[in-house]
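Trainee: Here you go, this is upload-v1.cif (mmCIF, C-alpha atoms and all ligand atoms).
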data_input
loop_
_atom_site.label_atom_id
_atom_site.label_comp_id
_atom_site.auth_asym_id
_atom_site.auth_seq_id
_atom_site.Cartn_x
_atom_site.Cartn_y
_atom_site.Cartn_z
CA MET R 44 -12.00 15.82 -6.89
CA ASN R 45 -11.57 18.76 -4.54
CA ALA R 46 -13.56 19.63 -1.45
CA THR R 47 -15.90 21.97 -3.34
CA GLU R 48 -16.83 19.30 -5.85
CA ARG R 49 -17.47 16.87 -3.00
CA ASP R 50 -19.62 19.38 -1.15
CA GLU R 51 -21.68 19.91 -4.28
CA GLY R 52 -22.16 16.16 -4.42
CA SER R 53 -20.68 16.06 -7.91
CA GLN R 54 -20.05 12.73 -9.52
CA GLY R 55 -16.30 13.50 -9.22
CA ASP R 56 -14.60 12.23 -12.32
CA GLY R 57 -11.59 10.80 -10.45
CA ASN R 58 -12.13 7.10 -10.96
CA ALA R 59 -14.22 7.10 -14.13
CA ALA R 60 -11.59 9.33 -15.74
CA TYR R 61 -8.86 6.71 -15.54
CA GLY R 62 -7.92 5.66 -19.04
CA HIS R 63 -9.20 8.91 -20.57
CA LYS R 64 -6.33 11.21 -19.69
CA LYS R 65 -2.63 10.83 -19.13
CA PHE R 66 -1.95 9.22 -15.75
CA LYS R 67 0.17 11.24 -13.36
CA ARG R 68 0.50 10.39 -9.68
CA SER R 69 -0.13 13.42 -7.52
CA LYS R 70 2.28 14.36 -4.76
CA SER R 71 1.06 13.88 -1.23
CA HIS R 72 -0.18 17.28 -0.12
CA PHE R 73 0.08 16.68 3.61
CA ALA R 74 3.66 15.81 4.41
CA ASP R 75 3.88 16.53 8.13
CA ARG R 76 5.72 13.84 10.00
CA VAL R 77 4.93 12.07 13.25
CA THR R 78 8.34 11.97 14.92
CA ALA R 79 9.97 11.05 18.22
CA ASP R 80 10.85 14.72 18.89
CA GLY R 81 7.53 16.07 17.57
CA ARG R 82 9.25 18.72 15.42
CA ASP R 83 6.25 19.09 13.10
CA GLY R 84 3.91 19.32 16.09
CA TRP R 85 3.01 15.63 15.98
CA PRO R 86 4.98 13.66 18.57
CA VAL R 87 4.86 9.86 18.64
CA GLU R 88 2.38 8.95 21.38
CA PRO R 89 0.60 5.66 22.03
CA GLY R 90 -3.07 5.75 21.11
CA ARG R 91 -3.03 9.28 19.72
CA TYR R 92 -3.19 8.53 15.99
CA ARG R 93 -5.35 6.42 13.72
CA LEU R 94 -4.06 4.81 10.56
CA VAL R 95 -6.72 4.85 7.84
CA VAL R 96 -6.28 2.28 5.09
CA SER R 97 -8.03 0.43 2.36
CA LEU R 98 -7.03 -3.23 2.27
CA ALA R 99 -7.18 -2.89 -1.52
CA CYS R 100 -4.51 -0.22 -1.73
CA PRO R 101 -0.86 -1.21 -2.20
CA TRP R 102 0.43 2.05 -0.69
CA ALA R 103 -1.72 1.66 2.40
CA SER R 104 -0.82 -2.01 2.67
CA ARG R 105 2.82 -1.11 3.13
CA ALA R 106 1.83 0.63 6.36
CA LEU R 107 -0.30 -2.34 7.42
CA VAL R 108 2.64 -4.73 7.01
CA SER R 109 5.04 -2.39 8.83
CA ARG R 110 2.57 -1.91 11.69
CA ARG R 111 2.31 -5.69 12.11
CA LEU R 112 6.03 -6.43 11.85
CA LEU R 113 6.88 -3.66 14.32
CA GLY R 114 4.08 -4.59 16.73
CA LEU R 115 2.45 -1.16 16.63
CA GLU R 116 -1.14 -2.46 16.65
CA ASP R 117 -1.91 -1.16 20.17
CA ALA R 118 -0.04 2.12 19.72
CA LEU R 119 -1.51 3.03 16.33
CA SER R 120 -5.14 2.02 15.86
CA LEU R 121 -6.57 1.06 12.49
CA ALA R 122 -9.56 2.18 10.43
CA VAL R 123 -10.43 0.14 7.33
CA ALA R 124 -12.37 1.91 4.61
CA ASP R 125 -14.89 0.25 2.33
CA PRO R 126 -13.06 -0.94 -0.81
CA ILE R 127 -15.81 0.65 -2.89
CA GLN R 128 -15.69 4.45 -2.76
CA ASP R 129 -18.61 6.64 -3.66
CA ASP R 130 -18.49 10.14 -5.16
CA ARG R 131 -17.16 11.43 -1.84
CA SER R 132 -14.29 8.96 -1.89
CA TRP R 133 -13.25 6.65 0.96
CA ARG R 134 -16.03 5.93 3.44
CA PHE R 135 -16.53 3.89 6.60
CA THR R 136 -19.50 1.84 5.45
CA LEU R 137 -18.00 -1.36 6.87
CA ASP R 138 -18.51 0.02 10.40
CA PRO R 139 -21.71 0.06 12.47
CA GLY R 140 -23.79 3.12 11.57
CA ASP R 141 -21.41 3.76 8.63
CA ARG R 142 -19.07 5.71 10.91
CA ASP R 143 -15.55 5.08 12.03
CA PRO R 144 -16.08 4.25 15.72
CA VAL R 145 -13.01 6.17 16.94
CA LEU R 146 -12.99 9.25 14.71
CA GLY R 147 -16.79 9.42 14.52
CA ILE R 148 -16.68 10.36 10.82
CA ARG R 149 -18.44 8.83 7.83
CA TYR R 150 -15.93 9.85 5.16
CA LEU R 151 -12.15 10.20 5.27
CA HIS R 152 -12.53 13.59 3.59
CA GLU R 153 -13.92 14.93 6.88
CA ALA R 154 -10.45 14.54 8.42
CA TYR R 155 -8.89 16.23 5.39
CA ASP R 156 -11.38 19.10 5.66
CA ALA R 157 -10.72 19.41 9.42
CA ARG R 158 -7.08 19.96 8.57
CA GLU R 159 -7.47 22.27 5.58
CA ARG R 160 -10.66 23.49 3.99
CA ASP R 161 -10.64 23.48 0.17
CA TYR R 162 -7.22 21.93 -0.23
CA PRO R 163 -6.46 21.28 -3.91
CA GLY R 164 -5.86 17.50 -4.01
CA GLY R 165 -7.87 14.32 -3.72
CA VAL R 166 -8.52 12.12 -0.73
CA SER R 167 -6.14 9.19 -0.49
CA VAL R 168 -5.07 6.36 1.76
CA PRO R 169 -2.94 5.66 3.69
CA ALA R 170 -3.71 8.53 6.03
CA ILE R 171 -2.70 9.17 9.62
CA VAL R 172 -5.30 11.12 11.58
CA ASP R 173 -4.83 12.81 14.96
CA VAL R 174 -7.63 11.36 17.09
CA PRO R 175 -8.08 14.25 19.60
CA SER R 176 -8.45 16.95 16.92
CA GLY R 177 -9.80 14.76 14.13
CA LYS R 178 -7.29 16.35 11.74
CA LEU R 179 -5.37 14.59 9.03
CA VAL R 180 -1.66 14.62 9.84
CA THR R 181 -0.16 13.02 6.74
CA ASN R 182 -1.03 11.14 3.57
CA ASP R 183 2.60 10.89 2.51
CA PHE R 184 2.72 7.18 1.72
CA GLN R 185 6.44 7.19 0.91
CA ARG R 186 7.33 8.65 4.31
CA ILE R 187 4.81 6.95 6.62
CA THR R 188 6.47 3.53 6.68
CA LEU R 189 9.99 4.93 7.02
CA ASP R 190 8.82 6.89 10.05
CA LEU R 191 7.09 3.86 11.57
CA ALA R 192 10.45 2.07 11.28
CA THR R 193 12.72 4.84 12.53
CA GLU R 194 10.67 7.33 14.61
CA TRP R 195 8.23 5.04 16.42
CA THR R 196 10.99 2.83 17.88
CA ALA R 197 10.05 3.59 21.51
CA LEU R 198 6.70 1.87 20.87
CA HIS R 199 7.98 -1.10 18.86
CA ARG R 200 7.35 -4.55 20.29
CA PRO R 201 10.27 -6.43 21.87
CA GLY R 202 11.99 -8.32 19.05
CA ALA R 203 10.80 -5.92 16.32
CA PRO R 204 13.07 -6.06 13.25
CA ASP R 205 15.07 -3.11 11.96
CA LEU R 206 13.32 -2.56 8.62
CA TYR R 207 15.54 0.33 7.52
CA PRO R 208 19.03 -0.47 8.88
CA GLU R 209 21.35 2.50 8.76
CA PRO R 210 24.29 0.81 6.95
CA LEU R 211 22.02 -0.46 4.16
CA ARG R 212 19.92 2.65 3.54
CA ASP R 213 21.63 3.74 0.32
CA GLU R 214 21.21 0.31 -1.20
CA ILE R 215 17.61 0.01 0.03
CA ASP R 216 16.77 3.47 -1.38
CA SER R 217 18.31 2.66 -4.72
CA VAL R 218 16.50 -0.69 -5.07
CA MET R 219 13.21 0.91 -3.97
CA GLU R 220 13.55 3.73 -6.48
CA GLY R 221 13.57 1.40 -9.48
CA ILE R 222 10.82 -0.73 -7.99
CA TYR R 223 8.69 2.35 -7.37
CA ARG R 224 9.10 3.79 -10.85
CA ASP R 225 8.71 0.63 -12.89
CA LEU R 226 6.59 -1.61 -10.67
CA ASN R 227 4.69 0.05 -7.80
CA ASN R 228 3.77 2.98 -10.02
CA GLY R 229 4.65 1.37 -13.36
CA VAL R 230 1.62 -0.95 -13.24
CA TYR R 231 -0.62 2.11 -12.76
CA ARG R 232 1.06 3.88 -15.69
CA ALA R 233 0.29 0.84 -17.84
CA GLY R 234 -3.23 0.35 -16.50
CA PHE R 235 -4.36 3.96 -16.76
CA ALA R 236 -2.60 4.73 -20.05
CA SER R 237 -4.81 6.57 -22.49
CA GLU R 238 -2.64 5.89 -25.54
CA GLN R 239 -1.13 2.73 -26.98
CA SER R 240 2.44 4.05 -26.86
CA GLU R 241 2.08 5.17 -23.25
CA TYR R 242 0.81 1.71 -22.30
CA GLU R 243 3.53 -0.13 -24.22
CA GLU R 244 6.30 1.91 -22.69
CA ALA R 245 5.00 1.35 -19.15
CA CYS R 246 4.34 -2.35 -19.72
CA ARG R 247 7.87 -2.84 -21.07
CA ASP R 248 9.25 -1.05 -18.00
CA VAL R 249 7.25 -3.37 -15.75
CA PHE R 250 8.62 -6.55 -17.26
CA ARG R 251 12.15 -5.24 -17.72
CA ARG R 252 12.24 -4.48 -14.00
CA LEU R 253 10.61 -7.79 -13.05
CA GLU R 254 13.32 -9.62 -14.98
CA GLU R 255 16.06 -7.63 -13.30
CA VAL R 256 14.66 -8.15 -9.81
CA SER R 257 14.06 -11.83 -10.51
CA GLN R 258 17.76 -12.22 -11.34
CA ARG R 259 18.71 -10.38 -8.16
CA LEU R 260 16.55 -12.71 -6.09
CA ALA R 261 17.76 -15.94 -7.71
CA ASP R 262 20.50 -16.41 -5.13
CA ARG R 263 19.49 -14.08 -2.30
CA ARG R 264 16.42 -14.55 -0.16
CA TRP R 265 15.52 -10.86 0.25
CA LEU R 266 16.21 -7.75 -1.77
CA VAL R 267 18.89 -6.15 0.43
CA GLY R 268 21.09 -7.75 3.10
CA ASP R 269 20.08 -11.02 4.70
CA THR R 270 16.90 -9.90 6.46
CA ILE R 271 13.51 -8.46 5.51
CA THR R 272 13.66 -4.70 4.93
CA GLU R 273 11.40 -1.88 3.78
CA ALA R 274 12.35 -2.77 0.18
CA ASP R 275 10.72 -6.19 0.49
CA ILE R 276 7.55 -4.67 1.95
CA ARG R 277 7.24 -2.27 -0.98
CA PHE R 278 7.85 -4.97 -3.57
CA PHE R 279 5.49 -7.42 -1.85
CA THR R 280 2.42 -5.17 -1.96
CA THR R 281 2.74 -4.95 -5.74
CA LEU R 282 3.60 -8.63 -6.24
CA VAL R 283 0.64 -9.89 -4.25
CA ARG R 284 -1.76 -7.87 -6.44
CA PHE R 285 -0.08 -8.73 -9.72
CA ASP R 286 -1.86 -11.86 -10.91
CA ALA R 287 -5.18 -10.85 -9.31
CA VAL R 288 -5.47 -7.36 -10.80
CA TYR R 289 -2.43 -5.98 -12.62
CA HIS R 290 -2.18 -8.88 -15.07
CA GLY R 291 -5.76 -8.55 -16.32
CA HIS R 292 -7.21 -5.19 -15.28
CA PHE R 293 -3.98 -3.22 -15.90
CA LYS R 294 -2.95 -5.33 -18.94
CA CYS R 295 0.50 -6.20 -17.55
CA ASN R 296 0.12 -9.58 -19.14
CA ARG R 297 3.36 -10.75 -20.69
CA TYR R 298 3.37 -13.35 -17.93
CA LYS R 299 2.04 -13.86 -14.43
CA ILE R 300 4.15 -13.74 -11.29
CA SER R 301 3.20 -17.38 -10.73
CA GLU R 302 4.97 -18.16 -14.03
CA ASP R 303 8.33 -16.80 -12.84
CA PRO R 304 9.70 -19.49 -10.48
CA VAL R 305 11.98 -17.10 -8.56
CA LEU R 306 9.49 -14.28 -8.05
CA TRP R 307 6.67 -16.68 -7.27
CA ALA R 308 8.73 -18.45 -4.58
CA TYR R 309 9.91 -15.09 -3.16
CA ALA R 310 6.34 -13.76 -3.05
CA ARG R 311 5.06 -16.89 -1.32
CA ASP R 312 7.95 -16.80 1.16
CA LEU R 313 6.91 -13.30 2.22
CA TYR R 314 3.19 -14.12 2.10
CA GLN R 315 3.79 -16.98 4.54
CA THR R 316 5.82 -14.76 6.89
CA PRO R 317 3.70 -13.44 9.80
CA GLY R 318 2.80 -9.80 9.13
CA PHE R 319 2.60 -10.12 5.32
CA GLY R 320 -0.06 -12.62 4.17
CA ASP R 321 -2.24 -11.87 7.19
CA THR R 322 -2.73 -8.30 5.92
CA VAL R 323 -3.89 -9.39 2.45
CA ASN R 324 -7.56 -9.38 1.49
CA PHE R 325 -8.05 -10.53 -2.10
CA ASP R 326 -11.78 -9.80 -1.97
CA HIS R 327 -11.17 -6.10 -1.18
CA ILE R 328 -8.36 -5.95 -3.74
CA LYS R 329 -10.37 -7.39 -6.61
CA ARG R 330 -13.62 -5.56 -5.88
CA HIS R 331 -11.87 -2.21 -5.52
CA TYR R 332 -9.87 -2.32 -8.74
CA TYR R 333 -12.51 -3.92 -10.96
CA GLN R 334 -15.56 -2.08 -9.62
CA VAL R 335 -14.15 1.37 -8.92
CA HIS R 336 -12.08 2.02 -12.05
CA THR R 337 -15.07 2.20 -14.36
CA GLY R 338 -13.04 4.19 -16.88
CA ILE R 339 -11.14 1.01 -17.76
CA ASN R 340 -13.68 -1.64 -16.69
CA PRO R 341 -17.07 -0.13 -17.52
CA THR R 342 -19.11 -3.25 -16.65
CA GLY R 343 -17.62 -3.45 -13.16
CA ILE R 344 -17.51 -7.22 -13.47
CA VAL R 345 -15.09 -8.82 -11.00
CA PRO R 346 -13.28 -11.94 -12.27
CA LEU R 347 -13.56 -15.17 -10.29
CA GLY R 348 -9.87 -16.11 -10.45
CA PRO R 349 -7.08 -16.59 -9.81
CA ASP R 350 -7.30 -19.34 -7.21
CA PRO R 351 -5.48 -17.99 -4.12
CA ALA R 352 -4.68 -21.51 -2.84
CA GLY R 353 -1.22 -21.42 -4.44
CA TRP R 354 -0.05 -18.74 -2.01
CA THR R 355 0.25 -21.22 0.85
CA THR R 356 2.20 -23.91 -1.00
CA PRO R 357 5.86 -24.63 -0.02
CA HIS R 358 8.32 -22.11 -1.47
CA GLY R 359 11.68 -23.74 -0.76
CA ARG R 360 13.49 -20.43 -0.21
CA GLU R 361 14.75 -21.43 3.27
CA ASP R 362 17.74 -23.03 1.51
CA LEU R 363 19.01 -19.56 0.57
CA GLY R 364 19.66 -18.84 4.26
CA GLY R 365 19.27 -15.48 5.96
CA ARG R 366 17.21 -14.62 9.01
CA PRO R 367 13.89 -12.92 8.21
CA PHE R 368 13.87 -10.83 11.40
CA GLY R 369 17.63 -10.54 11.98
CA ASP R 370 18.25 -10.56 15.73
CA GLY R 371 14.52 -10.08 16.28
CA THR R 372 11.50 -12.38 16.23
CA PRO R 373 8.35 -12.73 14.11
CA PRO R 374 5.18 -10.95 15.26
CA ASP R 375 2.54 -13.03 17.04
CA PRO R 376 -0.17 -14.51 14.84
CA VAL R 377 -3.19 -12.29 14.23
CA THR R 378 -5.87 -12.66 16.88
CA PRO R 379 -9.38 -12.83 15.42
N1 LIG E 1 -1.29 9.81 -1.87
C1 LIG E 1 -0.87 9.26 -3.12
C2 LIG E 1 -0.74 7.73 -3.13
C3 LIG E 1 -1.77 6.89 -2.41
C4 LIG E 1 -2.84 6.45 -3.36
O1 LIG E 1 -2.77 6.63 -4.57
N2 LIG E 1 -3.86 5.82 -2.79
C5 LIG E 1 -5.01 5.47 -3.59
C6 LIG E 1 -5.55 4.10 -3.27
S1 LIG E 1 -4.52 2.81 -3.84
C7 LIG E 1 -6.10 6.46 -3.29
O2 LIG E 1 -6.50 6.65 -2.16
N3 LIG E 1 -6.59 7.09 -4.36
C8 LIG E 1 -7.65 8.02 -4.30
C9 LIG E 1 -8.89 7.48 -4.90
O3 LIG E 1 -8.90 6.30 -5.32
O4 LIG E 1 -9.89 8.21 -4.93
C10 LIG E 1 -1.72 9.76 -4.26
O5 LIG E 1 -2.63 10.55 -4.02
O6 LIG E 1 -1.41 9.43 -5.41
#
Go ahead and express the file in the form of structure tokens.
Mentor:
Amino acid sequence: MNATERDEGSQGDGNAAYGHKKFKRSKSHFADRVTADGRDGWPVEPGRYRLVVSLACPWASRALVSRRLLGLEDALSLAVADPIQDDRSWRFTLDPGDRDPVLGIRYLHEAYDARERDYPGGVSVPAIVDVPSGKLVTNDFQRITLDLATEWTALHRPGAPDLYPEPLRDEIDSVMEGIYRDLNNGVYRAGFASEQSEYEEACRDVFRRLEEVSQRLADRRWLVGDTITEADIRFFTTLVRFDAVYHGHFKCNRYKISEDPVLWAYARDLYQTPGFGDTVNFDHIKRHYYQVHTGINPTGIVPLGPDPAGWTTPHGREDLGGRPFGDGTPPDPVTP
């Protein structure tokens, strides 16, 4: 849905259309970067930017995990959108007066419009908004977390881990590429397929990749090196949604993650690491997917299961060694 359709109050077909046309992920239109040297006009500054997320969204959740692990909570404030969008997309109906208290806006599209009137794409999270001008800076989900790890270092907490270590970048990039294509985005290709063959191809890709990654993780605690990296964050945000929404709603149902002993233990290990599980909200996740994608779930009924209690059971992965934060330390527990 573009800005004109929103202004006309149209029932934008974005979400209801899923399952009726071939699914293709759009490129992020706003790809400016917030950097240490401010070369795009957006220098890293404490308190200047606001990260807008939905707790339902796997792409936004990457940024939430990175922000926690790196201790950027005070430097980069957080706006959480209602998991249920209306025809004007993401909105701040969880906040008093239905407005984000810092940006003063009711809909995320207002920040997009402040940046560029009538831009051609949709409104998406994660988004970084410049607080003084109210303008969207970037919605480039692939870049945001890499920049938090490598450009925001002056504002990292003491003991913050290096999530994108220089010597391992090629390996991290290569692992993330397959995970993106077949898992992060693969589940969407399966779920929003409009033809049987399109679904089957995507679903096969999902499970082929899960098997490969499961083998990789059988004798190593994390995906690359012996610490947590960006690759683990990107895999985690898909894994934690798998049994709750991708298995049923997206029909990726050859088996559940909880039925693969290696992946299930790996996922729980991360979930129980400070900065991962404390960003997860299964209520937002389930309500968003099942209620918003009416094209593939017309009744909007949200399933009761699965029972989340399993996530906190012992995982036994400590025996594989490694140090989750390398020379660093875990973030402090979340304060209510
Ligand atoms: N910016 C990318 C990726 C981020 C993304 O897809 N975020 C989802 C939420 S998980 C979103 O905001 N979609 C727009 C919508 O649901 O209206 C895109 O537009 O495809």
Trainee: Using all atoms listed in the file, find each protein or nucleic acid residue lying at most 8 Å from ligand LIG 1 (chain E); present the set as a list in words.
Mentor: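 After applying the 8 Å limit, what remains is Gly57, Asn58, Arg68, Ser69, Lys70, Ser71, His72, Ser97, Ala99, Cys100, Pro101, Trp102, Ala103, Gln128, Ser132, Trp133, Gly164, Gly165, Val166, Ser167, Val168, Pro169, Asn182, Asp183 and Phe184 of chain R.
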Trainee: Could you check how far CA of Pro210 in chain R sits from CA of Glu273 in chain R, in Å to one decimal?
Mentor: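 Separation between CA of Pro210 in chain R and CA of Glu273 in chain R: 13.5 Å.
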Trainee: Give me the range 103-187 of chain R side of the contact with range 332-344 of chain R, cut-off 10 Å, one line per residue showing its nearest atom pair and distance in Å at one decimal, counting all atoms listed in the file, sorted by chain and residue number, as JSON lines.
Mentor:
{"residue": "R:Pro126", "atom": "CA", "partner": "R:Val335", "partner_atom": "CA", "distance": 8.5}
{"residue": "R:Ile127", "atom": "CA", "partner": "R:Val335", "partner_atom": "CA", "distance": 6.3}
{"residue": "R:Gln128", "atom": "CA", "partner": "R:Val335", "partner_atom": "CA", "distance": 7.1}
{"residue": "R:Asp129", "atom": "CA", "partner": "R:Val335", "partner_atom": "CA", "distance": 8.7}
Trainee: Tell me which protein, DNA and RNA residues are within 6 Å of range 275-289 of chain R, counting all atoms listed in the file, leaving out same-chain ones fewer than 5 positions away, and put them as a PyMOL selection string.
Mentor: chain R and resi 101+227+295+299
Trainee: Which residue gives the smallest distance to Gly318 in chain R among R:Ser176, R:Ser109, R:Thr270, R:Asn228, with only C-alpha atoms counted?
Mentor: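 Result for the nearest residue to Gly318 in chain R: R:Ser109.
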Trainee: Measuring between all atoms listed in the file, which one of R:Trp195, R:Arg186, R:Thr378, R:Val123 shows the shortest distance to Pro86 in chain R?
Mentor: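 Among the listed residues, R:Trp195 lies closest to Pro86 in chain R.
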Trainee: Could you pull the residues within 12 Å of Gly353 in chain R, counting only C-alpha atoms, minus those fewer than 2 positions along the same chain, as a PDB file with C-alpha atoms, in the coordinates of the input?
Mentor:
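Written out: out_36.pdb:
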ATOM      1  CA  VAL R 283       0.640  -9.890  -4.250  1.00  0.00           C
ATOM      2  CA  ASP R 286      -1.860 -11.860 -10.910  1.00  0.00           C
ATOM      3  CA  ILE R 300       4.150 -13.740 -11.290  1.00  0.00           C
ATOM      4  CA  SER R 301       3.200 -17.380 -10.730  1.00  0.00           C
ATOM      5  CA  GLU R 302       4.970 -18.160 -14.030  1.00  0.00           C
ATOM      6  CA  TRP R 307       6.670 -16.680  -7.270  1.00  0.00           C
ATOM      7  CA  ALA R 308       8.730 -18.450  -4.580  1.00  0.00           C
ATOM      8  CA  ALA R 310       6.340 -13.760  -3.050  1.00  0.00           C
ATOM      9  CA  ARG R 311       5.060 -16.890  -1.320  1.00  0.00           C
ATOM     10  CA  ASP R 312       7.950 -16.800   1.160  1.00  0.00           C
ATOM     11  CA  TYR R 314       3.190 -14.120   2.100  1.00  0.00           C
ATOM     12  CA  GLN R 315       3.790 -16.980   4.540  1.00  0.00           C
ATOM     13  CA  GLY R 348      -9.870 -16.110 -10.450  1.00  0.00           C
ATOM     14  CA  PRO R 349      -7.080 -16.590  -9.810  1.00  0.00           C
ATOM     15  CA  ASP R 350      -7.300 -19.340  -7.210  1.00  0.00           C
ATOM     16  CA  PRO R 351      -5.480 -17.990  -4.120  1.00  0.00           C
ATOM     17  CA  THR R 355       0.250 -21.220   0.850  1.00  0.00           C
ATOM     18  CA  THR R 356       2.200 -23.910  -1.000  1.00  0.00           C
ATOM     19  CA  PRO R 357       5.860 -24.630  -0.020  1.00  0.00           C
ATOM     20  CA  HIS R 358       8.320 -22.110  -1.470  1.00  0.00           C
TER      21      HIS R 358
END
